[in-house]
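Taking it in order: structure first as structure tokens, then the write-up.
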Amino acid sequence: MRTRVSLSLVCLSAALWGAAFLSSPGLAQEPPPNIYTLDSILDLALARNPAVSSAEGLIDRQRGQQTAAGAYPNPSVTGYLGYGEIRDAGRAHVADTIERQSITEYNVTLGQPLEWPAMRAARQQVADAGLATANAGMSETRLNLTTQVKVAFYDLLLAQQDAALARQNLEIVESVARIVKARVKSGEGPQFESIKAEVEVLKARQQLSRADNAVRVNRVVVNTLTGGALESAYLVRGEFAGNMTDLQIEGLMARMATQHPTIQRLLKSVEQSDWKVEFERQSRIPSVTVNGSYWREIGREAVQGGLSVPLPLWYRKQGEIAASLGEKRREEAELLRTRNELARAIHQHYQDARTTADLIAVFDKGLLKQAQEALRLAQFSFQQGASSLLDVFDAQRVQRQIQMDYAQARYELSVSLARLERAVGGSL
């Protein structure tokens with residue numbers, strides 16, 4: 001029963017919207033609007049939403065940092081070139097006689113820094129953990145975007161069904177108003193009934209106008225999530241999420257703890273912080289620079305080698321180590337807070353979904369059919385003159401309200417399940 005009513009509402013929504021576009025002045029020659037399903041909109045959003053591009057850029061940046069962490073330090077070359085001259089005085093009795101000798105002098109020094117192996121390994125581990133964090137962040141972005149698209153899709157689907165019901169309500173009210181006018185014109189009814197009917201028609205038109213505006217607003221929201229990939233006028237077709245399957249709260253909690261992308265990202269962030277602490281501790285041991293030189297001077301030619309070692313006497317990275325430890329504690333606290341928030345969200349959305357599913361069962365057990373039958377009997381009695389105009393309008397309002405309450409309940413169940421998926425970390 002639920003499936004048949006849902007399908008009828010969806011088909012009625014699409015058919016009435018298509019007819020309205022084709023019958024509107026100035027639009028008769030335009031092609032009908034495109035119709036999108038939830039899967040097609042999800043594909044567009046995951047391909048074109050800027051949030052996905054931002055996550056991809058973060059992955060590329062971390063890959064670059066991983067490459068930089070694995071690189072070896074470049075050697076340095078130092079060279080000097082100049083002119084040299086020797087002045088040597090001759091014998092004393094040879095006055096003002098000076099023997100001179102000149103030559104071009106130069107020296108070249110080559111230095112190669114050698115990193116402390118433990119520090120180099122820690123730096124590489126920091127970069128590897130950063131890339132893993134970025135990959136988990138991509139999964140988190142896709143999960144959050146999927147939930148946003150689903151909720152926006154259900155918003156638009158509900159707005160379309162509301163507009164379809166408002167249009168159906170307007171047709172019913174207009175048909176009753178025509179009967180009332182005919183009776184008043186023939187003298188079978190008082191004039192004030194015609195006024196009542198006109199007032200009801202105006203109310204129904206206002207309701208339809210508000211419903212159409214809601215559809216336009218929700219179209220913009222969905223189009224924004226897809227990065228502007230949709231045109232200005234389009235329709236969505238689909239169904240709300242089905243009833244709750246055999247879900248157990250314990251299983252959902254276990255899935256959240258082991259596979260949720262946010263938990264995975266924060267775990268990798270904590271691991272990265274651990275390696276940052278280790279890197280700062282290992283960097284207290286200075287790196288050695290191996291030097292080799294060649295000297296050519298007047299009367300001298302030499303080849304030399306040596307080491308350059310900084311001496312950590314006054315400062316030994318106390319500030320950097322303390323900052324890294326503080327960052328690690330912050331990441332651990334964020335991980336604990338996120339686990340608690342996700343556990344609370346799972347319980348909340350799970351209970352919301354169960355409550356809404358029970359309400360839907362009440363509608364499916366006969367409430368929808370009873371409201372429709374009551375409206376049919378009221379219309380028949382009014383046509384036969386056995387009931388008043390107020391009875392018809394009351395039955396019509398009750399029938400429309402029940403249909404909207406049913407659609408609202410299915411919408412709320414769909415939204416609760418979508419948010420439950422985000423809290424669990426994947427499809428249910």
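Simple scheme: letters A, B, ... for chains in structure tokens order, numbers from 1 for residues in each chain, numbers from 1 for ligands in the order shown.
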
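Running DSSP on the backbone gives strand (DSSP E or B) for these residues within region 138-313 of chain A: Tyr234, Leu235, Val236, Val288, Thr289, Val290, Asn291, Gly292, Ser293, Tyr294, Trp295, Arg296, Glu297, Arg300, Glu301, Ala302, Val303, Gln304, Gly305, Gly306, Leu307 and Ser308 of chain A.
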
Preceding selection exported with C-alpha atoms as a CSV table (one decimal), in the first residue's frame:
```
chain,number,residue,atom,x,y,z
A,234,TYR,CA,14.3,20.7,-14.0
A,235,LEU,CA,12.5,18.0,-12.1
A,236,VAL,CA,13.6,15.2,-9.9
A,288,VAL,CA,77.0,16.3,9.9
A,289,THR,CA,78.4,18.0,6.8
A,290,VAL,CA,81.4,16.2,5.1
A,291,ASN,CA,83.7,18.6,3.3
A,292,GLY,CA,86.5,18.1,0.8
A,293,SER,CA,88.8,20.9,-0.6
A,294,TYR,CA,91.5,21.4,-3.2
A,295,TRP,CA,93.9,24.3,-2.7
A,296,ARG,CA,96.4,25.7,-5.2
A,297,GLU,CA,98.6,28.5,-4.1
A,300,ARG,CA,101.6,25.1,-2.2
A,301,GLU,CA,99.1,22.6,-3.5
A,302,ALA,CA,96.9,20.6,-1.1
A,303,VAL,CA,93.9,18.3,-0.8
A,304,GLN,CA,91.9,18.5,2.5
A,305,GLY,CA,88.9,16.8,4.1
A,306,GLY,CA,86.9,17.6,7.1
A,307,LEU,CA,83.6,17.6,9.1
A,308,SER,CA,81.2,20.3,10.1
```

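The shell of residues at most 8 Å from Ser287 (chain A), with only C-alpha atoms counted and near chain neighbours (fewer than 3 positions) removed, consists of Pro113, Leu114, Glu115, Trp116, Val309 and Pro310 of chain A.
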
Nearest to Val149 (chain A): which of A:Ala241, A:Ala127, A:Val221, A:Ala47 is it, counting only C-alpha atoms?
-> A:Val221

note - CA of Thr146 (chain A) and CA of Ala407 (chain A) are separated by 22.0 Å

Show me, as a tab-separated table, the residues of region 140-242 of chain A having an atom within 9 Å of region 400-404 of chain A, each with the closest atom pair and its distance in Å, using only C-alpha atoms.
```
residue	atom	partner	partner_atom	distance
A:Leu158	CA	A:Met404	CA	8.9
A:Gln161	CA	A:Met404	CA	8.3
A:Asp162	CA	A:Met404	CA	6.9
A:Leu165	CA	A:Arg400	CA	7.1
A:Ala166	CA	A:Arg400	CA	8.3
A:Asn169	CA	A:Arg400	CA	7.3
```

Would you put the residues from that selection into a file with N, CA and C atoms, as a compact mmCIF listing (two decimals), in the first residue's frame?
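Saved as result35.txt:
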```
# COMPACT_ATOMS: atom_id res chain seq x y z
N LEU A 158 9.93 16.42 -1.81
CA LEU A 158 8.78 16.76 -0.97
C LEU A 158 8.10 18.03 -1.48
N GLN A 161 5.99 17.18 -4.47
CA GLN A 161 4.75 16.50 -4.08
C GLN A 161 3.77 17.46 -3.43
N ASP A 162 4.29 18.40 -2.64
CA ASP A 162 3.43 19.41 -2.04
C ASP A 162 2.77 20.26 -3.13
N LEU A 165 0.07 18.18 -4.86
CA LEU A 165 -1.15 18.10 -4.04
C LEU A 165 -1.87 19.44 -4.00
N ALA A 166 -1.11 20.54 -3.97
CA ALA A 166 -1.75 21.86 -3.98
C ALA A 166 -2.48 22.10 -5.30
N ASN A 169 -5.55 20.00 -5.16
CA ASN A 169 -6.51 20.65 -4.26
C ASN A 169 -7.21 21.82 -4.96
```

Rounded to one decimal place, report the CA of Val126 (chain A)-CA of Leu46 (chain A) distance in Å.
-> 29.1 Å

All residues 12 Å or closer to Tyr350 (chain A), only C-alpha atoms, same chain fewer than 6 positions away omitted, as a ChimeraX atom specification | /A:244-253,342-344,356-357,412-424,428

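Nearest to Asp358 (chain A) of all the residues A:Asn243, A:Gln396, A:Ser381, A:Thr226 is A:Asn243, based on only C-alpha atoms.
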
Write down as a PyMOL selection string the residues belonging to region 169-255 of chain A that are assigned alpha helix (DSSP H) by DSSP computed on the backbone.
-> chain A and resi 169-186+191-225+249-255

Hey, what's within 12 Å of Gly299 (chain A) if we count only C-alpha atoms and toss same-chain stuff fewer than 6 positions away? As a ChimeraX atom specification, please?
-> /A:84-86,101-105

File of the preceding selection, N, CA and C atoms, as a short mmCIF file (atom, residue, chain, number, x, y, z; two decimals), in the first residue's frame:
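Result written to again.cif:
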```cif
data_model
loop_
_atom_site.label_atom_id
_atom_site.label_comp_id
_atom_site.auth_asym_id
_atom_site.auth_seq_id
_atom_site.Cartn_x
_atom_site.Cartn_y
_atom_site.Cartn_z
N GLY A 84 97.91 35.97 -7.03
CA GLY A 84 98.90 35.97 -5.96
C GLY A 84 100.28 36.33 -6.46
N GLU A 85 101.11 36.94 -5.61
CA GLU A 85 102.45 37.39 -6.00
C GLU A 85 103.39 37.26 -4.80
N ILE A 86 104.61 36.79 -5.07
CA ILE A 86 105.66 36.67 -4.03
C ILE A 86 106.70 37.75 -4.28
N GLN A 101 107.57 36.93 -8.24
CA GLN A 101 106.96 35.76 -8.87
C GLN A 101 105.45 35.83 -8.66
N SER A 102 104.63 35.62 -9.67
CA SER A 102 103.16 35.72 -9.57
C SER A 102 102.51 34.47 -10.17
N ILE A 103 101.28 34.18 -9.70
CA ILE A 103 100.52 33.01 -10.16
C ILE A 103 99.04 33.20 -9.82
N THR A 104 98.17 32.55 -10.57
CA THR A 104 96.73 32.57 -10.26
C THR A 104 96.43 31.50 -9.20
N GLU A 105 95.83 31.92 -8.09
CA GLU A 105 95.51 31.01 -6.99
C GLU A 105 94.01 30.71 -6.96
#
```
